[in-house]
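Quick look at model10.cif (mmCIF, C-alpha atoms):
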```cif
data_target
loop_
_atom_site.label_atom_id
_atom_site.label_comp_id
_atom_site.auth_asym_id
_atom_site.auth_seq_id
_atom_site.Cartn_x
_atom_site.Cartn_y
_atom_site.Cartn_z
CA MET A 1 -14.12 19.31 -21.02
CA ASN A 2 -12.76 16.76 -23.46
CA THR A 3 -14.16 13.42 -22.27
CA ASP A 4 -11.00 11.65 -23.48
CA VAL A 5 -9.04 13.09 -20.57
CA GLN A 6 -11.71 12.52 -17.93
CA PRO A 7 -10.59 8.96 -17.00
CA SER A 8 -7.02 10.20 -16.44
CA LEU A 9 -8.25 13.00 -14.21
CA ARG A 10 -10.38 10.57 -12.22
CA LEU A 11 -7.31 8.36 -11.75
CA PHE A 12 -5.39 11.35 -10.41
CA GLN A 13 -8.21 11.78 -7.91
CA LEU A 14 -8.05 8.12 -6.87
CA ILE A 15 -4.29 8.16 -6.23
CA SER A 16 -4.12 11.61 -4.68
CA PRO A 17 -2.75 11.75 -1.10
CA SER A 18 -5.68 14.06 -0.36
CA LEU A 19 -8.20 11.24 -0.94
CA PRO A 20 -9.50 10.67 2.60
CA THR A 21 -8.86 6.94 2.99
CA GLY A 22 -6.23 7.33 5.71
CA ALA A 23 -3.38 5.88 3.63
CA PHE A 24 -0.85 8.20 5.29
CA THR A 25 -1.50 6.58 8.70
CA TYR A 26 -0.11 3.18 7.65
CA SER A 27 3.44 1.95 7.02
CA GLN A 28 2.74 -1.81 6.53
CA GLY A 29 5.47 -2.89 8.92
CA LEU A 30 8.04 -0.48 7.56
CA GLU A 31 8.10 1.36 10.89
CA TRP A 32 9.27 -1.79 12.68
CA CYS A 33 11.87 -2.44 9.97
CA VAL A 34 13.33 1.00 10.70
CA GLU A 35 13.18 0.38 14.47
CA SER A 36 15.02 -2.93 14.08
CA GLY A 37 17.71 -1.47 11.80
CA MET A 38 16.66 -3.55 8.80
CA ILE A 39 15.94 -0.29 6.98
CA ARG A 40 18.44 2.40 7.92
CA ASP A 41 19.24 4.47 4.84
CA ARG A 42 18.33 5.22 1.26
CA MET A 43 19.89 2.05 -0.17
CA SER A 44 18.28 -0.37 2.29
CA LEU A 45 14.89 1.30 1.77
CA ARG A 46 15.24 1.02 -1.99
CA GLU A 47 16.07 -2.69 -1.72
CA TRP A 48 13.09 -3.31 0.59
CA LEU A 49 10.60 -1.56 -1.66
CA ALA A 50 11.98 -3.12 -4.84
CA SER A 51 11.66 -6.59 -3.31
CA LEU A 52 8.01 -5.91 -2.42
CA LEU A 53 7.29 -4.62 -5.92
CA TYR A 54 8.56 -7.87 -7.43
CA SER A 55 6.85 -10.12 -4.89
CA ALA A 56 3.74 -8.69 -3.24
CA HIS A 57 2.74 -6.41 -6.09
CA LEU A 58 3.65 -8.47 -9.12
CA GLU A 59 2.42 -11.77 -7.68
CA LEU A 60 -0.61 -10.66 -5.66
CA GLU A 61 -1.75 -7.04 -5.83
CA ILE A 62 -1.82 -6.52 -9.59
CA PRO A 63 -3.32 -9.92 -10.51
CA LEU A 64 -6.09 -9.43 -7.96
CA LEU A 65 -6.69 -5.83 -9.01
CA LYS A 66 -7.11 -7.11 -12.59
CA ARG A 67 -9.69 -9.72 -11.56
CA LEU A 68 -11.64 -7.27 -9.40
CA TYR A 69 -11.62 -4.78 -12.28
CA GLN A 70 -12.80 -7.37 -14.79
CA ALA A 71 -15.58 -8.55 -12.48
CA SER A 72 -16.67 -4.92 -12.10
CA ARG A 73 -16.75 -4.38 -15.86
CA ALA A 74 -18.70 -7.62 -16.33
CA ARG A 75 -21.12 -6.66 -13.52
CA ASP A 76 -20.42 -10.03 -11.93
CA LEU A 77 -20.98 -9.36 -8.23
CA LEU A 78 -20.41 -12.99 -7.21
CA ARG A 79 -16.97 -13.07 -8.83
CA PHE A 80 -16.16 -9.62 -7.44
CA THR A 81 -17.04 -10.82 -3.93
CA SER A 82 -15.02 -14.02 -4.31
CA TRP A 83 -11.83 -12.20 -5.34
CA CYS A 84 -12.37 -9.61 -2.63
CA ASP A 85 -12.56 -12.41 -0.03
CA PHE A 86 -9.40 -13.94 -1.52
CA LEU A 87 -7.56 -10.64 -1.20
CA VAL A 88 -8.55 -10.09 2.44
CA ALA A 89 -7.57 -13.66 3.28
CA SER A 90 -4.15 -13.00 1.72
CA ARG A 91 -3.40 -10.29 4.29
CA GLU A 92 -1.14 -12.21 6.64
CA THR A 93 -1.42 -10.14 9.83
CA ALA A 94 -4.12 -8.51 11.91
CA GLU A 95 -2.83 -5.02 11.13
CA LEU A 96 -2.78 -5.62 7.38
CA ARG A 97 -6.34 -6.98 7.45
CA ASP A 98 -7.52 -4.05 9.55
CA GLU A 99 -5.87 -1.61 7.16
CA GLU A 100 -7.50 -3.27 4.15
CA LYS A 101 -10.95 -3.11 5.73
CA ASN A 102 -10.63 0.37 7.25
CA ARG A 103 -9.47 1.88 3.99
CA GLY A 104 -12.13 -0.15 2.17
CA ARG A 105 -14.90 1.37 4.25
CA ALA A 106 -13.50 4.85 3.65
CA MET A 107 -13.22 4.23 -0.10
CA ALA A 108 -16.77 2.88 -0.29
CA ARG A 109 -18.13 5.98 1.47
CA ILE A 110 -16.26 8.24 -0.94
CA LEU A 111 -17.50 6.32 -4.00
CA GLY A 112 -21.05 6.42 -2.69
CA ASP A 113 -20.83 10.21 -2.51
CA LEU A 114 -19.03 10.69 -5.81
CA ASP A 115 -20.90 8.24 -8.02
CA LYS A 116 -24.59 7.67 -7.30
CA GLU A 117 -24.80 5.13 -10.13
CA ILE A 118 -22.76 2.50 -8.26
CA PRO A 119 -25.28 0.11 -6.64
CA ASP A 120 -25.28 -0.22 -2.85
CA GLU A 121 -24.62 -3.96 -3.00
CA TRP A 122 -21.37 -3.32 -4.86
CA LEU A 123 -20.33 -0.67 -2.36
CA ALA A 124 -21.04 -3.10 0.50
CA VAL A 125 -18.53 -5.56 -0.94
CA ALA A 126 -16.01 -2.82 -1.78
CA ALA A 127 -16.14 -1.78 1.89
CA MET A 128 -14.28 -5.01 2.70
CA SER A 129 -11.16 -4.01 0.76
CA GLN A 130 -9.59 -0.77 -0.42
CA ALA A 131 -8.19 -2.56 -3.48
CA ALA A 132 -11.71 -3.71 -4.40
CA GLY A 133 -12.98 -0.15 -4.07
CA PHE A 134 -10.15 1.11 -6.24
CA ALA A 135 -10.90 -1.50 -8.92
CA LEU A 136 -14.62 -0.73 -8.80
CA ALA A 137 -13.97 3.00 -9.21
CA ALA A 138 -11.51 2.46 -12.05
CA ALA A 139 -13.94 0.22 -13.93
CA SER A 140 -16.91 2.53 -13.33
CA TRP A 141 -14.96 5.59 -14.49
CA GLN A 142 -13.62 3.92 -17.66
CA ILE A 143 -9.98 4.04 -16.55
CA ASP A 144 -7.86 1.65 -18.61
CA LEU A 145 -6.76 -1.42 -16.61
CA THR A 146 -3.04 -0.98 -17.26
CA THR A 147 -3.18 2.70 -16.40
CA ALA A 148 -5.19 1.99 -13.25
CA SER A 149 -2.67 -0.68 -12.22
CA LEU A 150 0.21 1.73 -12.67
CA GLY A 151 -1.62 4.33 -10.61
CA TYR A 152 -2.36 1.80 -7.86
CA THR A 153 1.30 0.76 -7.71
CA TRP A 154 2.52 4.36 -7.76
CA SER A 155 0.15 5.30 -4.93
CA TRP A 156 1.44 2.47 -2.72
CA LEU A 157 5.05 3.31 -3.53
CA GLU A 158 4.63 7.00 -2.78
CA ASN A 159 2.97 6.26 0.55
CA MET A 160 5.77 3.91 1.62
CA VAL A 161 8.46 6.41 0.67
CA MET A 162 6.70 9.18 2.56
CA ALA A 163 6.44 6.93 5.62
CA ALA A 164 10.18 6.28 5.37
CA VAL A 165 10.94 9.99 5.06
CA LYS A 166 9.36 10.42 8.49
CA THR A 167 10.82 7.36 10.23
CA VAL A 168 14.32 6.63 8.85
CA PRO A 169 14.51 9.66 8.59
CA LEU A 170 15.24 10.67 5.02
CA GLY A 171 15.25 14.12 3.48
CA GLN A 172 12.52 15.01 1.03
CA THR A 173 15.02 15.05 -1.83
CA ALA A 174 16.27 11.55 -0.98
CA GLY A 175 12.66 10.36 -0.93
CA GLN A 176 12.05 11.80 -4.39
CA GLN A 177 15.24 10.18 -5.67
CA ILE A 178 14.03 6.77 -4.46
CA LEU A 179 10.66 7.35 -6.12
CA SER A 180 12.43 8.29 -9.33
CA ASP A 181 14.57 5.15 -9.19
CA LEU A 182 11.72 2.76 -8.46
CA THR A 183 9.17 4.13 -10.92
CA ILE A 184 11.41 2.62 -13.61
CA LEU A 185 10.40 -0.79 -12.23
CA CYS A 186 6.66 -0.13 -12.04
CA GLY A 187 5.93 -0.77 -15.70
CA GLU A 188 7.68 -4.14 -15.62
CA VAL A 189 5.92 -5.12 -12.38
CA VAL A 190 2.47 -4.22 -13.75
CA LYS A 191 3.15 -5.94 -17.07
CA GLY A 192 4.19 -9.13 -15.27
CA GLY A 193 1.31 -9.06 -12.82
CA LEU A 194 -1.36 -8.62 -15.47
CA VAL A 195 -0.46 -11.86 -17.27
CA LEU A 196 -0.39 -14.21 -14.28
CA GLU A 197 -2.85 -17.10 -14.30
CA ASP A 198 -5.12 -17.78 -11.32
CA GLU A 199 -2.94 -20.63 -10.03
CA GLU A 200 0.14 -18.40 -10.10
CA ILE A 201 -1.25 -15.80 -7.70
CA CYS A 202 0.56 -15.88 -4.37
CA GLY A 203 1.46 -13.52 -1.57
CA SER A 204 4.21 -15.06 0.52
CA CYS A 205 6.56 -12.30 1.73
CA PRO A 206 7.95 -13.61 5.04
CA ALA A 207 10.00 -10.55 6.05
CA PHE A 208 7.05 -8.29 5.21
CA ALA A 209 4.68 -10.39 7.34
CA ILE A 210 7.18 -10.58 10.23
CA GLY A 211 7.69 -6.81 10.18
CA SER A 212 3.94 -6.25 10.24
CA SER A 213 3.41 -8.77 13.06
CA LEU A 214 6.11 -7.27 15.25
CA HIS A 215 4.78 -3.77 14.65
CA GLU A 216 1.63 -4.82 16.55
CA THR A 217 3.58 -4.77 19.82
CA GLN A 218 6.13 -2.08 18.97
CA PHE A 219 6.40 0.25 21.97
CA THR A 220 6.58 3.61 20.17
CA ARG A 221 4.63 3.96 16.94
CA LEU A 222 3.72 6.75 14.55
CA PHE A 223 1.71 4.51 12.21
CA ARG A 224 -1.23 2.16 12.58
CA SER A 225 0.51 -0.68 10.75
#
```
For the structure just supplied, provide its representation as structure tokens.
Amino acid sequence: MNTDVQPSLRLFQLISPSLPTGAFTYSQGLEWCVESGMIRDRMSLREWLASLLYSAHLELEIPLLKRLYQASRARDLLRFTSWCDFLVASRETAELRDEEKNRGRAMARILGDLDKEIPDEWLAVAAMSQAAGFALAAASWQIDLTTASLGYTWSWLENMVMAAVKTVPLGQTAGQQILSDLTILCGEVVKGGLVLEDEEICGSCPAFAIGSSLHETQFTRLFRS
């Protein structure tokens, strides 16, 4: 196989819904937003997801993914650990922290099976955070940072839309239309997130945190967050 295409194929593997990290079991508070009526149709869902792309992803997820990726490429375990701790601390609710760690452990197990060259001490840190595991895999498999960031954003977006299809509910076609609309924004979000300085990284999304917090005591739930 042409080695030039191998990184792209490995990225497809990382963002595939079939990757057994349990992503489909989480809605990140979206389920409560539907229950409360905050999200009720295609337009309100689109507005919710677009706002998170321009806040949580541009200002927190992508900048941290970049730093975790760079630490991986530089083989700087101390810096990798520090940014991983920062990311976990940025998860504002118990459910979001649990999701990060649960998916991190699953990702670390998968990487340990797929790539025997990744040292155990790196996998131990990656087990704290699914984003850290994603960055470690992308760096180890020579996936370009920008491409990896786009894949990471797309994977999150697809999972949220699929959660909404089940809970709003939306038809599959409506879900694909929202994905089509919002993918136009992904390039701009990634481009903006990759140039932020350390002191500009932030993660304050009050409605997102409130939705996640209230989901913890929601009576009927399909999702774990």
Q: Please write the residues picked by the PyMOL selection byres ((chain A and resi 92-105) around 10) on this file as number ranges by chain.
A: A: 20-23, 25-29, 87-91, 106-111, 123-134, 203-206, 208-216, 224-225
Could you tell me which residues the PyMOL selection byres ((chain A and resi 196) around 10) returns for this structure, as a PDB file with C-alpha atoms, keeping the file's coordinate frame?
```
ATOM      1  CA  LEU A  58       3.650  -8.470  -9.120  1.00  0.00           C
ATOM      2  CA  GLU A  59       2.420 -11.770  -7.680  1.00  0.00           C
ATOM      3  CA  LEU A  60      -0.610 -10.660  -5.660  1.00  0.00           C
ATOM      4  CA  ILE A  62      -1.820  -6.520  -9.590  1.00  0.00           C
ATOM      5  CA  PRO A  63      -3.320  -9.920 -10.510  1.00  0.00           C
ATOM      6  CA  LEU A  64      -6.090  -9.430  -7.960  1.00  0.00           C
ATOM      7  CA  LYS A  66      -7.110  -7.110 -12.590  1.00  0.00           C
ATOM      8  CA  LYS A 191       3.150  -5.940 -17.070  1.00  0.00           C
ATOM      9  CA  GLY A 192       4.190  -9.130 -15.270  1.00  0.00           C
ATOM     10  CA  GLY A 193       1.310  -9.060 -12.820  1.00  0.00           C
ATOM     11  CA  LEU A 194      -1.360  -8.620 -15.470  1.00  0.00           C
ATOM     12  CA  VAL A 195      -0.460 -11.860 -17.270  1.00  0.00           C
ATOM     13  CA  GLU A 197      -2.850 -17.100 -14.300  1.00  0.00           C
ATOM     14  CA  ASP A 198      -5.120 -17.780 -11.320  1.00  0.00           C
ATOM     15  CA  GLU A 199      -2.940 -20.630 -10.030  1.00  0.00           C
ATOM     16  CA  GLU A 200       0.140 -18.400 -10.100  1.00  0.00           C
ATOM     17  CA  ILE A 201      -1.250 -15.800  -7.700  1.00  0.00           C
TER      18      ILE A 201
END
```
Q: Carefully work through the PyMOL selection byres ((chain A and resi 157-166) around 8) for this structure and note down the residues it includes, as an MDAnalysis selection string.
A: chainID A and resid 23:24 26:27 30:31 45 49 153:156 167:172 175 178:179
**Q.** Nearest to A:Tyr69, chosen from A:Thr146, A:Ser16, A:Ser36, A:Gln176, with only C-alpha atoms counted in the distances
**A.**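 Closest residue, counting only C-alpha atoms: A:Thr146.
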Q) Looking at only C-alpha atoms, which of A:Leu14, A:Cys33, A:Leu182, A:Ala56 is the one that sits closest to A:Ala135? A) A:Leu14
